[in-house]
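Okay, structure first, notes after.
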Amino acid sequence: MRKMSIAFLALVVLVCSSPTMPIAAQSDAMPKDGELAFPSEYKSFPVFLSGVQKPDAVRDLYVNPIGAKNQPGQAFANGSILVMAIYNAKKNAEGVFEKGADGNLVKDDLAKIFVMQKGAGWGKGAPENLKNGDWIYSAFKANGERLNVDYTTCRGCHLPLGASKDFVHRYDEYFEKRMQGAH
Ligand code: HEC
């Protein structure tokens, strides 16, 4: 018994001090597309843009406090999270989209939540020709469950923004509004 526990201890020491451990732990911590944690507290994040109008939807965008420190012309720092909450636009009884007093579509139920988050080296495993820096993408249902989507579509549509906008569609608009003190 005593012999066994010493052997066990020796094994633990060996495994924990093995030089491969930190590498293994690190790669486990690097999520791929579809593997980001759901940022359940996103509504408390600083606003990135709100009420973005689409033909059949209204979108509210958020950025976590790390991302909100970003300055114009810079890439977002590792640890940044961008969240896009996509709401269906409200229809009246006749199936026609309603408009608010401001002429804008009105939010109905939350349809889905799109997230992009970056970390050091996270982009390495992304498909060739679809490398958007170190951003990783995930899509969720309103309740936080994962959506099964083809993540090459996210990459393909964000890629043309290029590194100068850090692959973020509303990059310029965000800083313009922020400088105007809109949020
Ligand atoms: C057909 C193009 C297209 C595809 C595909 C696409 N996006 Fe976007 N995405 C946009 C546009 C355009 C915006 C800016 C907001 C808007 O106009 O709706 C945006 C904005 C975002 C934002 C807010 C930051 C920003 O870039 O302004 C996040 C987060 C995001 N998308 C995540 C995703 C995820 C996750 C996927 C895949 C599940 C995805 N997107 C697929 C076009 C696309």
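Order determines the names: the first chain of the structure tokens is A, the second B, and so forth; residues in each chain are numbered 1 upward, and ligands are numbered 1 upward as they are shown.
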Per residue of chain A within 9 Å of ligand 1, what are the shortest atom pair and its distance in Å to one decimal, counting only C-alpha atoms and all ligand atoms, with rows by chain and residue number, as JSON lines?
{"residue": "A:Asp33", "atom": "CA", "partner": "ligand 1", "partner_atom_place_in_ligand_line": "35 (C)", "distance": 8.4}
{"residue": "A:Gly34", "atom": "CA", "partner": "ligand 1", "partner_atom_place_in_ligand_line": "35 (C)", "distance": 8.3}
{"residue": "A:Phe48", "atom": "CA", "partner": "ligand 1", "partner_atom_place_in_ligand_line": "23 (C)", "distance": 8.1}
{"residue": "A:Leu49", "atom": "CA", "partner": "ligand 1", "partner_atom_place_in_ligand_line": "27 (O)", "distance": 8.5}
{"residue": "A:Val52", "atom": "CA", "partner": "ligand 1", "partner_atom_place_in_ligand_line": "16 (C)", "distance": 6.4}
{"residue": "A:Gln53", "atom": "CA", "partner": "ligand 1", "partner_atom_place_in_ligand_line": "18 (O)", "distance": 7.4}
{"residue": "A:Lys54", "atom": "CA", "partner": "ligand 1", "partner_atom_place_in_ligand_line": "18 (O)", "distance": 6.5}
{"residue": "A:Ala57", "atom": "CA", "partner": "ligand 1", "partner_atom_place_in_ligand_line": "18 (O)", "distance": 8.8}
{"residue": "A:Val58", "atom": "CA", "partner": "ligand 1", "partner_atom_place_in_ligand_line": "18 (O)", "distance": 8.1}
{"residue": "A:Arg59", "atom": "CA", "partner": "ligand 1", "partner_atom_place_in_ligand_line": "18 (O)", "distance": 6.3}
{"residue": "A:Asp60", "atom": "CA", "partner": "ligand 1", "partner_atom_place_in_ligand_line": "15 (C)", "distance": 8.6}
{"residue": "A:Leu61", "atom": "CA", "partner": "ligand 1", "partner_atom_place_in_ligand_line": "23 (C)", "distance": 5.9}
{"residue": "A:Tyr62", "atom": "CA", "partner": "ligand 1", "partner_atom_place_in_ligand_line": "23 (C)", "distance": 7.6}
{"residue": "A:Val63", "atom": "CA", "partner": "ligand 1", "partner_atom_place_in_ligand_line": "24 (C)", "distance": 8.4}
{"residue": "A:Ile81", "atom": "CA", "partner": "ligand 1", "partner_atom_place_in_ligand_line": "29 (C)", "distance": 7.7}
{"residue": "A:Leu82", "atom": "CA", "partner": "ligand 1", "partner_atom_place_in_ligand_line": "29 (C)", "distance": 4.6}
{"residue": "A:Val83", "atom": "CA", "partner": "ligand 1", "partner_atom_place_in_ligand_line": "29 (C)", "distance": 4.4}
{"residue": "A:Met84", "atom": "CA", "partner": "ligand 1", "partner_atom_place_in_ligand_line": "29 (C)", "distance": 4.9}
{"residue": "A:Ala85", "atom": "CA", "partner": "ligand 1", "partner_atom_place_in_ligand_line": "29 (C)", "distance": 8.5}
{"residue": "A:Ile86", "atom": "CA", "partner": "ligand 1", "partner_atom_place_in_ligand_line": "18 (O)", "distance": 8.3}
{"residue": "A:Ile113", "atom": "CA", "partner": "ligand 1", "partner_atom_place_in_ligand_line": "35 (C)", "distance": 7.9}
{"residue": "A:Phe114", "atom": "CA", "partner": "ligand 1", "partner_atom_place_in_ligand_line": "35 (C)", "distance": 4.2}
{"residue": "A:Val115", "atom": "CA", "partner": "ligand 1", "partner_atom_place_in_ligand_line": "29 (C)", "distance": 4.2}
{"residue": "A:Met116", "atom": "CA", "partner": "ligand 1", "partner_atom_place_in_ligand_line": "29 (C)", "distance": 4.6}
{"residue": "A:Gln117", "atom": "CA", "partner": "ligand 1", "partner_atom_place_in_ligand_line": "29 (C)", "distance": 7.9}
{"residue": "A:Ile136", "atom": "CA", "partner": "ligand 1", "partner_atom_place_in_ligand_line": "35 (C)", "distance": 8.0}
{"residue": "A:Tyr137", "atom": "CA", "partner": "ligand 1", "partner_atom_place_in_ligand_line": "35 (C)", "distance": 4.4}
{"residue": "A:Ser138", "atom": "CA", "partner": "ligand 1", "partner_atom_place_in_ligand_line": "35 (C)", "distance": 4.6}
{"residue": "A:Ala139", "atom": "CA", "partner": "ligand 1", "partner_atom_place_in_ligand_line": "38 (C)", "distance": 5.0}
{"residue": "A:Phe140", "atom": "CA", "partner": "ligand 1", "partner_atom_place_in_ligand_line": "38 (C)", "distance": 8.5}
{"residue": "A:Leu147", "atom": "CA", "partner": "ligand 1", "partner_atom_place_in_ligand_line": "38 (C)", "distance": 8.4}
{"residue": "A:Asn148", "atom": "CA", "partner": "ligand 1", "partner_atom_place_in_ligand_line": "38 (C)", "distance": 8.9}
{"residue": "A:Val149", "atom": "CA", "partner": "ligand 1", "partner_atom_place_in_ligand_line": "38 (C)", "distance": 6.2}
{"residue": "A:Asp150", "atom": "CA", "partner": "ligand 1", "partner_atom_place_in_ligand_line": "38 (C)", "distance": 7.1}
{"residue": "A:Tyr151", "atom": "CA", "partner": "ligand 1", "partner_atom_place_in_ligand_line": "37 (C)", "distance": 5.5}
{"residue": "A:Thr152", "atom": "CA", "partner": "ligand 1", "partner_atom_place_in_ligand_line": "37 (C)", "distance": 7.6}
{"residue": "A:Thr153", "atom": "CA", "partner": "ligand 1", "partner_atom_place_in_ligand_line": "5 (C)", "distance": 4.5}
{"residue": "A:Cys154", "atom": "CA", "partner": "ligand 1", "partner_atom_place_in_ligand_line": "41 (C)", "distance": 3.4}
{"residue": "A:Arg155", "atom": "CA", "partner": "ligand 1", "partner_atom_place_in_ligand_line": "41 (C)", "distance": 6.9}
{"residue": "A:Gly156", "atom": "CA", "partner": "ligand 1", "partner_atom_place_in_ligand_line": "5 (C)", "distance": 6.7}
{"residue": "A:Cys157", "atom": "CA", "partner": "ligand 1", "partner_atom_place_in_ligand_line": "2 (C)", "distance": 4.2}
{"residue": "A:His158", "atom": "CA", "partner": "ligand 1", "partner_atom_place_in_ligand_line": "43 (C)", "distance": 6.0}
{"residue": "A:Leu161", "atom": "CA", "partner": "ligand 1", "partner_atom_place_in_ligand_line": "26 (O)", "distance": 8.7}
{"residue": "A:Asp166", "atom": "CA", "partner": "ligand 1", "partner_atom_place_in_ligand_line": "26 (O)", "distance": 8.7}
{"residue": "A:Phe167", "atom": "CA", "partner": "ligand 1", "partner_atom_place_in_ligand_line": "26 (O)", "distance": 6.5}
{"residue": "A:Val168", "atom": "CA", "partner": "ligand 1", "partner_atom_place_in_ligand_line": "26 (O)", "distance": 3.4}
{"residue": "A:His169", "atom": "CA", "partner": "ligand 1", "partner_atom_place_in_ligand_line": "26 (O)", "distance": 3.7}
{"residue": "A:Arg170", "atom": "CA", "partner": "ligand 1", "partner_atom_place_in_ligand_line": "27 (O)", "distance": 3.8}
{"residue": "A:Tyr171", "atom": "CA", "partner": "ligand 1", "partner_atom_place_in_ligand_line": "27 (O)", "distance": 6.0}
{"residue": "A:Glu173", "atom": "CA", "partner": "ligand 1", "partner_atom_place_in_ligand_line": "27 (O)", "distance": 8.7}
{"residue": "A:Tyr174", "atom": "CA", "partner": "ligand 1", "partner_atom_place_in_ligand_line": "27 (O)", "distance": 8.2}
Give the strand (DSSP E or B) residues of segment 6-181 of chain A, as assigned by DSSP on the backbone, as a PDB file with N, CA and C atoms, in the first residue's frame.
ATOM      1  N   VAL A  47     -21.704  49.261 -24.715  1.00  0.00           N
ATOM      2  CA  VAL A  47     -22.375  49.177 -26.019  1.00  0.00           C
ATOM      3  C   VAL A  47     -21.363  49.457 -27.124  1.00  0.00           C
ATOM      4  N   PHE A  48     -21.429  48.652 -28.175  1.00  0.00           N
ATOM      5  CA  PHE A  48     -20.574  48.878 -29.355  1.00  0.00           C
ATOM      6  C   PHE A  48     -21.385  49.705 -30.346  1.00  0.00           C
ATOM      7  N   LEU A  49     -22.569  49.241 -30.676  1.00  0.00           N
ATOM      8  CA  LEU A  49     -23.543  50.000 -31.474  1.00  0.00           C
ATOM      9  C   LEU A  49     -24.904  49.423 -31.118  1.00  0.00           C
ATOM     10  N   SER A  50     -25.939  50.269 -31.093  1.00  0.00           N
ATOM     11  CA  SER A  50     -27.244  49.679 -30.801  1.00  0.00           C
ATOM     12  C   SER A  50     -28.247  50.034 -31.891  1.00  0.00           C
ATOM     13  N   GLY A  51     -29.237  49.158 -32.040  1.00  0.00           N
ATOM     14  CA  GLY A  51     -30.322  49.395 -32.995  1.00  0.00           C
ATOM     15  C   GLY A  51     -29.907  49.372 -34.451  1.00  0.00           C
ATOM     16  N   VAL A  52     -28.881  48.575 -34.788  1.00  0.00           N
ATOM     17  CA  VAL A  52     -28.455  48.478 -36.194  1.00  0.00           C
ATOM     18  C   VAL A  52     -29.611  47.869 -36.998  1.00  0.00           C
ATOM     19  N   GLN A  53     -30.023  48.574 -38.054  1.00  0.00           N
ATOM     20  CA  GLN A  53     -31.189  48.178 -38.830  1.00  0.00           C
ATOM     21  C   GLN A  53     -30.819  47.245 -39.979  1.00  0.00           C
ATOM     22  N   ALA A  57     -34.461  42.581 -39.302  1.00  0.00           N
ATOM     23  CA  ALA A  57     -33.889  42.364 -37.967  1.00  0.00           C
ATOM     24  C   ALA A  57     -33.299  43.662 -37.407  1.00  0.00           C
ATOM     25  N   VAL A  58     -33.143  43.645 -36.103  1.00  0.00           N
ATOM     26  CA  VAL A  58     -32.477  44.753 -35.416  1.00  0.00           C
ATOM     27  C   VAL A  58     -31.347  44.137 -34.603  1.00  0.00           C
ATOM     28  N   ARG A  59     -30.184  44.760 -34.657  1.00  0.00           N
ATOM     29  CA  ARG A  59     -29.024  44.159 -34.005  1.00  0.00           C
ATOM     30  C   ARG A  59     -28.417  45.113 -32.972  1.00  0.00           C
ATOM     31  N   ASP A  60     -28.133  44.583 -31.794  1.00  0.00           N
ATOM     32  CA  ASP A  60     -27.423  45.341 -30.757  1.00  0.00           C
ATOM     33  C   ASP A  60     -26.044  44.741 -30.585  1.00  0.00           C
ATOM     34  N   LEU A  61     -25.034  45.587 -30.670  1.00  0.00           N
ATOM     35  CA  LEU A  61     -23.655  45.109 -30.589  1.00  0.00           C
ATOM     36  C   LEU A  61     -23.012  45.571 -29.273  1.00  0.00           C
ATOM     37  N   TYR A  62     -22.240  44.691 -28.694  1.00  0.00           N
ATOM     38  CA  TYR A  62     -21.558  44.981 -27.424  1.00  0.00           C
ATOM     39  C   TYR A  62     -20.075  44.634 -27.545  1.00  0.00           C
ATOM     40  N   VAL A  63     -19.277  45.264 -26.698  1.00  0.00           N
ATOM     41  CA  VAL A  63     -17.850  44.946 -26.638  1.00  0.00           C
ATOM     42  C   VAL A  63     -17.469  44.823 -25.161  1.00  0.00           C
ATOM     43  N   ILE A  81     -13.850  40.699 -26.650  1.00  0.00           N
ATOM     44  CA  ILE A  81     -15.046  39.952 -27.075  1.00  0.00           C
ATOM     45  C   ILE A  81     -16.012  40.942 -27.733  1.00  0.00           C
ATOM     46  N   LEU A  82     -16.470  40.603 -28.919  1.00  0.00           N
ATOM     47  CA  LEU A  82     -17.523  41.377 -29.584  1.00  0.00           C
ATOM     48  C   LEU A  82     -18.758  40.492 -29.665  1.00  0.00           C
ATOM     49  N   VAL A  83     -19.894  41.058 -29.314  1.00  0.00           N
ATOM     50  CA  VAL A  83     -21.139  40.297 -29.270  1.00  0.00           C
ATOM     51  C   VAL A  83     -22.182  41.002 -30.124  1.00  0.00           C
ATOM     52  N   MET A  84     -22.876  40.246 -30.939  1.00  0.00           N
ATOM     53  CA  MET A  84     -23.965  40.825 -31.725  1.00  0.00           C
ATOM     54  C   MET A  84     -25.251  40.079 -31.419  1.00  0.00           C
ATOM     55  N   ALA A  85     -26.187  40.768 -30.754  1.00  0.00           N
ATOM     56  CA  ALA A  85     -27.484  40.191 -30.423  1.00  0.00           C
ATOM     57  C   ALA A  85     -28.440  40.524 -31.559  1.00  0.00           C
ATOM     58  N   ILE A  86     -28.973  39.495 -32.192  1.00  0.00           N
ATOM     59  CA  ILE A  86     -29.811  39.667 -33.393  1.00  0.00           C
ATOM     60  C   ILE A  86     -31.275  39.440 -33.018  1.00  0.00           C
ATOM     61  N   TYR A  87     -32.063  40.495 -33.140  1.00  0.00           N
ATOM     62  CA  TYR A  87     -33.495  40.415 -32.818  1.00  0.00           C
ATOM     63  C   TYR A  87     -34.298  40.373 -34.108  1.00  0.00           C
ATOM     64  N   ASN A  88     -35.331  39.536 -34.126  1.00  0.00           N
ATOM     65  CA  ASN A  88     -36.284  39.607 -35.230  1.00  0.00           C
ATOM     66  C   ASN A  88     -36.977  40.958 -35.154  1.00  0.00           C
ATOM     67  N   ALA A  89     -37.321  41.512 -36.330  1.00  0.00           N
ATOM     68  CA  ALA A  89     -38.084  42.755 -36.338  1.00  0.00           C
ATOM     69  C   ALA A  89     -39.574  42.412 -36.194  1.00  0.00           C
ATOM     70  N   LYS A  91     -43.511  42.305 -36.521  1.00  0.00           N
ATOM     71  CA  LYS A  91     -44.508  42.449 -37.593  1.00  0.00           C
ATOM     72  C   LYS A  91     -45.873  42.702 -36.962  1.00  0.00           C
ATOM     73  N   PHE A  97     -43.816  44.702 -41.348  1.00  0.00           N
ATOM     74  CA  PHE A  97     -42.897  45.174 -40.308  1.00  0.00           C
ATOM     75  C   PHE A  97     -43.387  46.492 -39.713  1.00  0.00           C
ATOM     76  N   LYS A  99     -42.976  50.044 -37.622  1.00  0.00           N
ATOM     77  CA  LYS A  99     -41.935  51.072 -37.494  1.00  0.00           C
ATOM     78  C   LYS A  99     -42.220  51.897 -36.245  1.00  0.00           C
ATOM     79  N   LEU A 105     -37.230  49.958 -37.444  1.00  0.00           N
ATOM     80  CA  LEU A 105     -37.862  48.688 -37.112  1.00  0.00           C
ATOM     81  C   LEU A 105     -37.875  48.519 -35.593  1.00  0.00           C
ATOM     82  N   LYS A 107     -37.789  46.020 -32.238  1.00  0.00           N
ATOM     83  CA  LYS A 107     -37.264  44.717 -31.814  1.00  0.00           C
ATOM     84  C   LYS A 107     -38.382  43.792 -31.369  1.00  0.00           C
ATOM     85  N   ASP A 108     -38.341  42.547 -31.836  1.00  0.00           N
ATOM     86  CA  ASP A 108     -39.235  41.512 -31.308  1.00  0.00           C
ATOM     87  C   ASP A 108     -38.369  40.540 -30.490  1.00  0.00           C
ATOM     88  N   ASP A 109     -38.538  39.245 -30.664  1.00  0.00           N
ATOM     89  CA  ASP A 109     -37.768  38.301 -29.846  1.00  0.00           C
ATOM     90  C   ASP A 109     -36.298  38.197 -30.285  1.00  0.00           C
ATOM     91  N   LEU A 110     -35.474  37.818 -29.344  1.00  0.00           N
ATOM     92  CA  LEU A 110     -34.047  37.624 -29.610  1.00  0.00           C
ATOM     93  C   LEU A 110     -33.880  36.323 -30.409  1.00  0.00           C
ATOM     94  N   ALA A 111     -33.319  36.431 -31.610  1.00  0.00           N
ATOM     95  CA  ALA A 111     -33.211  35.264 -32.491  1.00  0.00           C
ATOM     96  C   ALA A 111     -31.929  34.487 -32.227  1.00  0.00           C
ATOM     97  N   LYS A 112     -30.807  35.187 -32.234  1.00  0.00           N
ATOM     98  CA  LYS A 112     -29.527  34.507 -31.984  1.00  0.00           C
ATOM     99  C   LYS A 112     -28.449  35.499 -31.568  1.00  0.00           C
ATOM    100  N   ILE A 113     -27.348  34.949 -31.129  1.00  0.00           N
ATOM    101  CA  ILE A 113     -26.261  35.780 -30.618  1.00  0.00           C
ATOM    102  C   ILE A 113     -24.964  35.328 -31.279  1.00  0.00           C
ATOM    103  N   PHE A 114     -24.335  36.254 -31.973  1.00  0.00           N
ATOM    104  CA  PHE A 114     -23.054  35.973 -32.636  1.00  0.00           C
ATOM    105  C   PHE A 114     -21.931  36.565 -31.804  1.00  0.00           C
ATOM    106  N   VAL A 115     -20.855  35.798 -31.671  1.00  0.00           N
ATOM    107  CA  VAL A 115     -19.736  36.233 -30.824  1.00  0.00           C
ATOM    108  C   VAL A 115     -18.424  36.067 -31.582  1.00  0.00           C
ATOM    109  N   MET A 116     -17.542  37.041 -31.446  1.00  0.00           N
ATOM    110  CA  MET A 116     -16.149  36.836 -31.857  1.00  0.00           C
ATOM    111  C   MET A 116     -15.246  37.265 -30.710  1.00  0.00           C
ATOM    112  N   GLN A 117     -14.247  36.437 -30.477  1.00  0.00           N
ATOM    113  CA  GLN A 117     -13.355  36.661 -29.333  1.00  0.00           C
ATOM    114  C   GLN A 117     -11.941  36.327 -29.779  1.00  0.00           C
ATOM    115  N   LYS A 118     -10.963  37.066 -29.241  1.00  0.00           N
ATOM    116  CA  LYS A 118      -9.585  36.738 -29.647  1.00  0.00           C
ATOM    117  C   LYS A 118      -8.667  36.461 -28.466  1.00  0.00           C
ATOM    118  N   TRP A 135      -9.076  36.101 -34.260  1.00  0.00           N
ATOM    119  CA  TRP A 135     -10.499  36.021 -33.898  1.00  0.00           C
ATOM    120  C   TRP A 135     -11.015  34.602 -34.072  1.00  0.00           C
ATOM    121  N   ILE A 136     -11.868  34.191 -33.150  1.00  0.00           N
ATOM    122  CA  ILE A 136     -12.592  32.923 -33.219  1.00  0.00           C
ATOM    123  C   ILE A 136     -14.082  33.272 -33.137  1.00  0.00           C
ATOM    124  N   TYR A 137     -14.893  32.523 -33.862  1.00  0.00           N
ATOM    125  CA  TYR A 137     -16.324  32.841 -33.997  1.00  0.00           C
ATOM    126  C   TYR A 137     -17.195  31.767 -33.354  1.00  0.00           C
ATOM    127  N   SER A 138     -18.314  32.194 -32.798  1.00  0.00           N
ATOM    128  CA  SER A 138     -19.304  31.242 -32.301  1.00  0.00           C
ATOM    129  C   SER A 138     -20.690  31.851 -32.410  1.00  0.00           C
ATOM    130  N   ALA A 139     -21.667  30.985 -32.623  1.00  0.00           N
ATOM    131  CA  ALA A 139     -23.059  31.441 -32.734  1.00  0.00           C
ATOM    132  C   ALA A 139     -23.907  30.657 -31.740  1.00  0.00           C
ATOM    133  N   PHE A 140     -24.827  31.364 -31.116  1.00  0.00           N
ATOM    134  CA  PHE A 140     -25.657  30.773 -30.062  1.00  0.00           C
ATOM    135  C   PHE A 140     -27.134  31.090 -30.290  1.00  0.00           C
ATOM    136  N   LYS A 141     -27.979  30.225 -29.742  1.00  0.00           N
ATOM    137  CA  LYS A 141     -29.408  30.529 -29.676  1.00  0.00           C
ATOM    138  C   LYS A 141     -29.604  31.557 -28.574  1.00  0.00           C
ATOM    139  N   ARG A 146     -25.560  26.264 -28.251  1.00  0.00           N
ATOM    140  CA  ARG A 146     -24.800  26.474 -29.492  1.00  0.00           C
ATOM    141  C   ARG A 146     -25.657  26.262 -30.722  1.00  0.00           C
TER     142      ARG A 146
END
Exercise. Which value, in Å to one decimal, gives the distance between atom CA of Asp134 of chain A and atom CA of Asn78 of chain A?
Worked result: 8.1 Å
For this session: Write down as a PyMOL selection string the residues belonging to chain A that are assigned alpha helix (DSSP H) by DSSP computed on the backbone.
Result: chain A and resi 2-17+20-28+151-158+171-179
For this session: Pick out the closest residue to Arg178 of chain A from this set: A:Ser44, A:Asn64, A:Asn143, A:Gln71. Count only C-alpha atoms.
Result: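 When distances to Arg178 of chain A are compared using only C-alpha atoms, the smallest one comes from A:Gln71.
Using only C-alpha atoms, the nearest neighbour of Leu159 of chain A within the list A:Lys131, A:Phe175, A:Gly123, A:Gly144 is A:Lys131.
As for atom CA of Lys177 of chain A and atom CA of Phe45 of chain A, they are spaced 16.2 Å apart.
With only C-alpha atoms as the atoms that count, the minimum distance from Glu145 of chain A to the choices A:Ala37, A:Ala77, A:Leu130, A:Ala68 is reached by A:Ala37.
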